[in-house]
Amino acid sequence: MLRDVGQRRVTADGVDPRVAELRAAVSRLRRELAGHRREFADRGIAEDELAALDAMAVSGAPEIARLRRSLLLVAGAVGSVSALAEGLAGVRRAVDLFGPPSVPGPRDGHLPWDGHPDA
């Protein structure tokens, strides 16, 4: 259901659907990670950041920059594990619901082109 213009969408039980989607996606990836028996160096980082993502979702008003930072850390930790790619994509889609990815620009130290001065 939609509330007044300018307010967030909420479900009948008062939960922001973006939060519900993020929690579901994080839960799926956590289960997939737990079921993945093969060890890899950054597993602990992935587990910690997935817990942080869930905690932010539970808070109800997660900070977009912090969500994206955690997503980046999870992606870096599990990105080479192809069995977790679909779950990771689900978490990314859920984070994207909170706002579009920021476009790097001069204010954040990134050049608006490919980095070559001749471009």
# chains A, B, ... in the order shown; residues from 1 in each chain; ligands from 1
$ residues_around --residues "stretch 57-67 of chain A" --least-positions-apart "3" --cutoff "8 Å" --atoms "only C-alpha atoms" --output "PDB file with C-alpha atoms, in the first residue's frame"
ATOM      1  CA  ASP A  16       8.935  -1.173   4.312  1.00  0.00           C
ATOM      2  CA  VAL A  19      13.589  -3.802   4.166  1.00  0.00           C
ATOM      3  CA  ALA A  20      11.688  -7.067   3.813  1.00  0.00           C
ATOM      4  CA  LEU A  22      16.853  -6.969   1.886  1.00  0.00           C
ATOM      5  CA  ARG A  23      16.315  -9.223   4.892  1.00  0.00           C
ATOM      6  CA  LEU A  53      23.391  -5.866   6.472  1.00  0.00           C
ATOM      7  CA  ASP A  54      20.709  -7.735   8.378  1.00  0.00           C
ATOM      8  CA  SER A  70      28.818  -3.825   3.127  1.00  0.00           C
ATOM      9  CA  LEU A  71      27.658  -5.070  -0.269  1.00  0.00           C
ATOM     10  CA  VAL A  95      20.389  -2.896  -1.805  1.00  0.00           C
ATOM     11  CA  PHE A  98      17.179   1.835  -1.406  1.00  0.00           C
ATOM     12  CA  GLY A  99      18.473   4.155  -4.099  1.00  0.00           C
TER      13      GLY A  99
END
$ closest_atom_pairs --of "stretch 65-95 of chain A" --to "stretch 31-50 of chain A" --cutoff "10 Å" --atoms "only C-alpha atoms" --output "JSON lines"
{"residue": "A:Leu67", "atom": "CA", "partner": "A:Glu49", "partner_atom": "CA", "distance": 9.5}
{"residue": "A:Arg69", "atom": "CA", "partner": "A:Glu49", "partner_atom": "CA", "distance": 9.1}
{"residue": "A:Ser70", "atom": "CA", "partner": "A:Glu49", "partner_atom": "CA", "distance": 5.5}
{"residue": "A:Leu71", "atom": "CA", "partner": "A:Glu49", "partner_atom": "CA", "distance": 7.6}
{"residue": "A:Leu72", "atom": "CA", "partner": "A:Glu49", "partner_atom": "CA", "distance": 9.4}
{"residue": "A:Leu73", "atom": "CA", "partner": "A:Glu49", "partner_atom": "CA", "distance": 7.0}
{"residue": "A:Val74", "atom": "CA", "partner": "A:Ala46", "partner_atom": "CA", "distance": 4.7}
{"residue": "A:Ala75", "atom": "CA", "partner": "A:Ala46", "partner_atom": "CA", "distance": 8.0}
{"residue": "A:Gly76", "atom": "CA", "partner": "A:Asp42", "partner_atom": "CA", "distance": 8.3}
{"residue": "A:Ala77", "atom": "CA", "partner": "A:Asp42", "partner_atom": "CA", "distance": 5.0}
{"residue": "A:Val78", "atom": "CA", "partner": "A:Ala46", "partner_atom": "CA", "distance": 6.8}
{"residue": "A:Ser80", "atom": "CA", "partner": "A:Phe40", "partner_atom": "CA", "distance": 9.5}
{"residue": "A:Val81", "atom": "CA", "partner": "A:Phe40", "partner_atom": "CA", "distance": 8.7}
{"residue": "A:Ala83", "atom": "CA", "partner": "A:His36", "partner_atom": "CA", "distance": 8.1}
{"residue": "A:Leu84", "atom": "CA", "partner": "A:Glu32", "partner_atom": "CA", "distance": 6.7}
{"residue": "A:Glu86", "atom": "CA", "partner": "A:Glu32", "partner_atom": "CA", "distance": 9.8}
{"residue": "A:Gly87", "atom": "CA", "partner": "A:Glu32", "partner_atom": "CA", "distance": 7.4}
{"residue": "A:Leu88", "atom": "CA", "partner": "A:Glu32", "partner_atom": "CA", "distance": 9.8}
{"residue": "A:Val91", "atom": "CA", "partner": "A:Leu50", "partner_atom": "CA", "distance": 9.3}
$ select_by_dssp --residues "stretch 33-81 of chain A" --states "helix (DSSP H, G or I)" --output "ChimeraX atom specification"
/A:33-35,43-59,64-78
